[in-house]
Amino acid sequence: MIPNKSNFKFQELTPITGVKPYVIRFWETEFPEISPILGDSGQKLYARKDVETILRIKKLLFDEKLTIPEAKIQLSNEESVERVAESTERQSARMLLQSALTIINEIKFTKRW
C-alpha cells in the first residue's frame with residue numbers, strides 16, 4: 001500500500017514497491033512514464049503516479065511475465081485509454097454544466113430575475 005503523501009524520496013521506494021534500487025534506476029531509463037523531479041535539496045522526488053507506475057511495471061514484468069518491450073506497449077495502451085476516459089469525463093461535465101446554465105437562464109427569463 002502506498003502511504004498517503006504526494007512525493008517520495010528515492011530511498012522510500014524500495015520498502016513501498018519491493019523493487020531494488022538498481023532496478024528502479026534501470027526502469028527510469030526504459031520507461032518515460034517514471035519521471036522524478038529534482039527537489040530543492042537536489043534529491044529525486046517521485047510523485048504518487050511514479051510509484052503507481054513502478055508497481056504496475058513490477059506486475060507486468062514479474063507477475064504477468066511480459067518482456068520490457070511488451071510492458072512498454074501495455075503501459076502506452078493503458079495511458080491512451082486513460083486519456084480518452086478523462087476527455088470523455090470532461091466532455092460529460094461540460095454538457096451537464098451547459099444544461100444547468102440553460103435551465104437557470106430559462107428560470108431567470110420566466111421569473112424575470
# chains A, B, ... in the order shown; residues from 1 in each chain; ligands from 1
>>> residues_around(residues="region 23-26 of chain A", least_positions_apart="2", cutoff="12 Å", atoms="only C-alpha atoms", output="list in words")
Phe10, Gln11, Glu12, Leu13, Thr14, Thr17, Gly18, Val19, Lys20, Pro21, Glu28, Thr29, Glu30, Phe31, Pro32, Ile34, Ser35, Pro36, Lys44, Tyr46, Asp50, Val51, Thr53, Ile54, Leu55, Ile57, Lys58, Leu61 and Ile68 of chain A
>>> residues_around(residues="region 78-80 of chain A", least_positions_apart="3", cutoff="12 Å", atoms="only C-alpha atoms", output="ChimeraX atom specification")
/A:32-33,49,53,56-57,71-75,83-87
>>> write_last_selection(atoms="N, CA and C atoms", output="mmCIF file, in the first residue's frame")
data_model
loop_
_atom_site.group_PDB
_atom_site.id
_atom_site.type_symbol
_atom_site.label_atom_id
_atom_site.label_comp_id
_atom_site.auth_asym_id
_atom_site.auth_seq_id
_atom_site.Cartn_x
_atom_site.Cartn_y
_atom_site.Cartn_z
ATOM 1 N N PRO A 32 9.627 6.051 -19.860
ATOM 2 C CA PRO A 32 9.490 7.501 -19.663
ATOM 3 C C PRO A 32 8.334 7.875 -18.734
ATOM 4 N N GLU A 33 7.455 6.916 -18.453
ATOM 5 C CA GLU A 33 6.337 7.180 -17.538
ATOM 6 C C GLU A 33 6.829 7.444 -16.112
ATOM 7 N N LYS A 49 2.056 9.084 -8.749
ATOM 8 C CA LYS A 49 1.848 8.419 -10.031
ATOM 9 C C LYS A 49 3.089 7.622 -10.441
ATOM 10 N N THR A 53 3.192 3.704 -11.116
ATOM 11 C CA THR A 53 3.753 3.183 -12.366
ATOM 12 C C THR A 53 4.794 2.104 -12.081
ATOM 13 N N ARG A 56 2.998 -0.941 -11.240
ATOM 14 C CA ARG A 56 2.375 -1.519 -12.440
ATOM 15 C C ARG A 56 3.424 -2.239 -13.294
ATOM 16 N N ILE A 57 4.593 -1.625 -13.466
ATOM 17 C CA ILE A 57 5.672 -2.252 -14.238
ATOM 18 C C ILE A 57 6.104 -3.559 -13.560
ATOM 19 N N ALA A 71 5.838 -4.710 -22.029
ATOM 20 C CA ALA A 71 5.354 -3.869 -20.935
ATOM 21 C C ALA A 71 5.226 -2.410 -21.379
ATOM 22 N N LYS A 72 6.174 -1.951 -22.202
ATOM 23 C CA LYS A 72 6.097 -0.583 -22.730
ATOM 24 C C LYS A 72 4.823 -0.391 -23.542
ATOM 25 N N ILE A 73 4.526 -1.356 -24.386
ATOM 26 C CA ILE A 73 3.314 -1.290 -25.213
ATOM 27 C C ILE A 73 2.077 -1.286 -24.324
ATOM 28 N N GLN A 74 2.054 -2.164 -23.338
ATOM 29 C CA GLN A 74 0.909 -2.251 -22.429
ATOM 30 C C GLN A 74 0.700 -0.931 -21.688
ATOM 31 N N LEU A 75 1.778 -0.352 -21.157
ATOM 32 C CA LEU A 75 1.664 0.931 -20.449
ATOM 33 C C LEU A 75 1.174 2.031 -21.376
ATOM 34 N N ARG A 83 -6.378 8.666 -21.111
ATOM 35 C CA ARG A 83 -6.574 9.985 -21.726
ATOM 36 C C ARG A 83 -7.958 10.087 -22.356
ATOM 37 N N VAL A 84 -8.401 9.031 -23.020
ATOM 38 C CA VAL A 84 -9.731 9.035 -23.639
ATOM 39 C C VAL A 84 -10.801 9.138 -22.556
ATOM 40 N N ALA A 85 -10.632 8.370 -21.472
ATOM 41 C CA ALA A 85 -11.614 8.398 -20.384
ATOM 42 C C ALA A 85 -11.688 9.783 -19.752
ATOM 43 N N GLU A 86 -10.525 10.408 -19.511
ATOM 44 C CA GLU A 86 -10.511 11.755 -18.928
ATOM 45 C C GLU A 86 -11.177 12.759 -19.852
ATOM 46 N N SER A 87 -10.920 12.637 -21.137
ATOM 47 C CA SER A 87 -11.523 13.538 -22.114
ATOM 48 C C SER A 87 -13.038 13.367 -22.130
#
>>> residues_around(residues="Lys5 (chain A)", least_positions_apart="3", cutoff="9 Å", atoms="only C-alpha atoms", output="NGL selection string")
:A and (2 or 8 or 47-48)
>>> atom_distance(atom1="CA of Asn7 (chain A)", atom2="CA of Ile37 (chain A)")
9.6 Å
>>> select_by_dssp(residues="region 8-55 of chain A", states="helix (DSSP H, G or I)", output="list of chain:residue names")
A:Phe10, A:Gln11, A:Glu12, A:Leu13, A:Thr14, A:Pro15, A:Ile16, A:Thr17, A:Pro21, A:Tyr22, A:Val23, A:Ile24, A:Arg25, A:Phe26, A:Trp27, A:Glu28, A:Thr29, A:Glu30, A:Arg48, A:Lys49, A:Asp50, A:Val51, A:Glu52, A:Thr53, A:Ile54, A:Leu55
>>> write_last_selection(atoms="C-alpha atoms", output="CSV table (one decimal), in the first residue's frame")
chain,number,residue,atom,x,y,z
A,10,PHE,CA,14.3,7.5,-3.7
A,11,GLN,CA,15.1,5.6,-0.5
A,12,GLU,CA,11.4,5.3,0.2
A,13,LEU,CA,10.7,3.4,-3.0
A,14,THR,CA,12.2,0.0,-2.2
A,15,PRO,CA,10.1,-0.5,1.0
A,16,ILE,CA,6.9,0.6,-0.7
A,17,THR,CA,7.4,-1.2,-4.0
A,21,PRO,CA,17.1,0.5,-6.2
A,22,TYR,CA,19.3,-0.5,-9.2
A,23,VAL,CA,16.2,-2.0,-10.9
A,24,ILE,CA,14.2,1.3,-10.3
A,25,ARG,CA,17.2,3.3,-11.8
A,26,PHE,CA,17.2,1.0,-14.8
A,27,TRP,CA,13.4,1.3,-15.3
A,28,GLU,CA,13.8,5.1,-15.2
A,29,THR,CA,15.9,4.8,-18.3
A,30,GLU,CA,13.5,2.4,-20.0
A,48,ARG,CA,2.5,9.2,-6.4
A,49,LYS,CA,1.8,8.4,-10.0
A,50,ASP,CA,5.5,7.4,-10.4
A,51,VAL,CA,5.2,4.9,-7.5
A,52,GLU,CA,1.9,3.6,-9.0
A,53,THR,CA,3.8,3.2,-12.4
A,54,ILE,CA,6.6,1.3,-10.7
A,55,LEU,CA,4.1,-1.0,-9.1
>>> select_by_dssp(residues="chain A", states="strand (DSSP E or B)", output="ChimeraX atom specification")
/A:7-9,37-38,44-47
>>> write_last_selection(atoms="N, CA and C atoms", output="PDB file, in the first residue's frame")
ATOM      1  N   ASN A   7       4.739  13.124  -2.567  1.00  0.00           N
ATOM      2  CA  ASN A   7       6.086  12.927  -3.091  1.00  0.00           C
ATOM      3  C   ASN A   7       6.868  11.968  -2.211  1.00  0.00           C
ATOM      4  N   PHE A   8       7.750  11.197  -2.861  1.00  0.00           N
ATOM      5  CA  PHE A   8       8.542  10.197  -2.168  1.00  0.00           C
ATOM      6  C   PHE A   8      10.004  10.343  -2.555  1.00  0.00           C
ATOM      7  N   LYS A   9      10.894  10.176  -1.584  1.00  0.00           N
ATOM      8  CA  LYS A   9      12.324  10.172  -1.859  1.00  0.00           C
ATOM      9  C   LYS A   9      12.715   8.797  -2.390  1.00  0.00           C
ATOM     10  N   ILE A  37      11.277  14.314 -10.271  1.00  0.00           N
ATOM     11  CA  ILE A  37      11.757  15.692 -10.367  1.00  0.00           C
ATOM     12  C   ILE A  37      12.867  15.879  -9.338  1.00  0.00           C
ATOM     13  N   LEU A  38      13.694  16.878  -9.539  1.00  0.00           N
ATOM     14  CA  LEU A  38      14.729  17.193  -8.552  1.00  0.00           C
ATOM     15  C   LEU A  38      14.156  18.191  -7.549  1.00  0.00           C
ATOM     16  N   LYS A  44      16.091  13.305  -5.922  1.00  0.00           N
ATOM     17  CA  LYS A  44      14.971  12.966  -6.793  1.00  0.00           C
ATOM     18  C   LYS A  44      13.726  12.769  -5.940  1.00  0.00           C
ATOM     19  N   LEU A  45      12.629  13.335  -6.418  1.00  0.00           N
ATOM     20  CA  LEU A  45      11.339  13.137  -5.768  1.00  0.00           C
ATOM     21  C   LEU A  45      10.404  12.468  -6.764  1.00  0.00           C
ATOM     22  N   TYR A  46       9.729  11.451  -6.290  1.00  0.00           N
ATOM     23  CA  TYR A  46       8.825  10.682  -7.129  1.00  0.00           C
ATOM     24  C   TYR A  46       7.389  10.993  -6.735  1.00  0.00           C
ATOM     25  N   ALA A  47       6.588  11.344  -7.711  1.00  0.00           N
ATOM     26  CA  ALA A  47       5.173  11.609  -7.465  1.00  0.00           C
ATOM     27  C   ALA A  47       4.460  10.289  -7.205  1.00  0.00           C
TER      28      ALA A  47
END
>>> atom_distance(atom1="CA of Glu106 (chain A)", atom2="CA of Gln91 (chain A)")
22.6 Å
>>> atom_distance(atom1="CA of Glu70 (chain A)", atom2="CA of Thr88 (chain A)")
27.2 Å
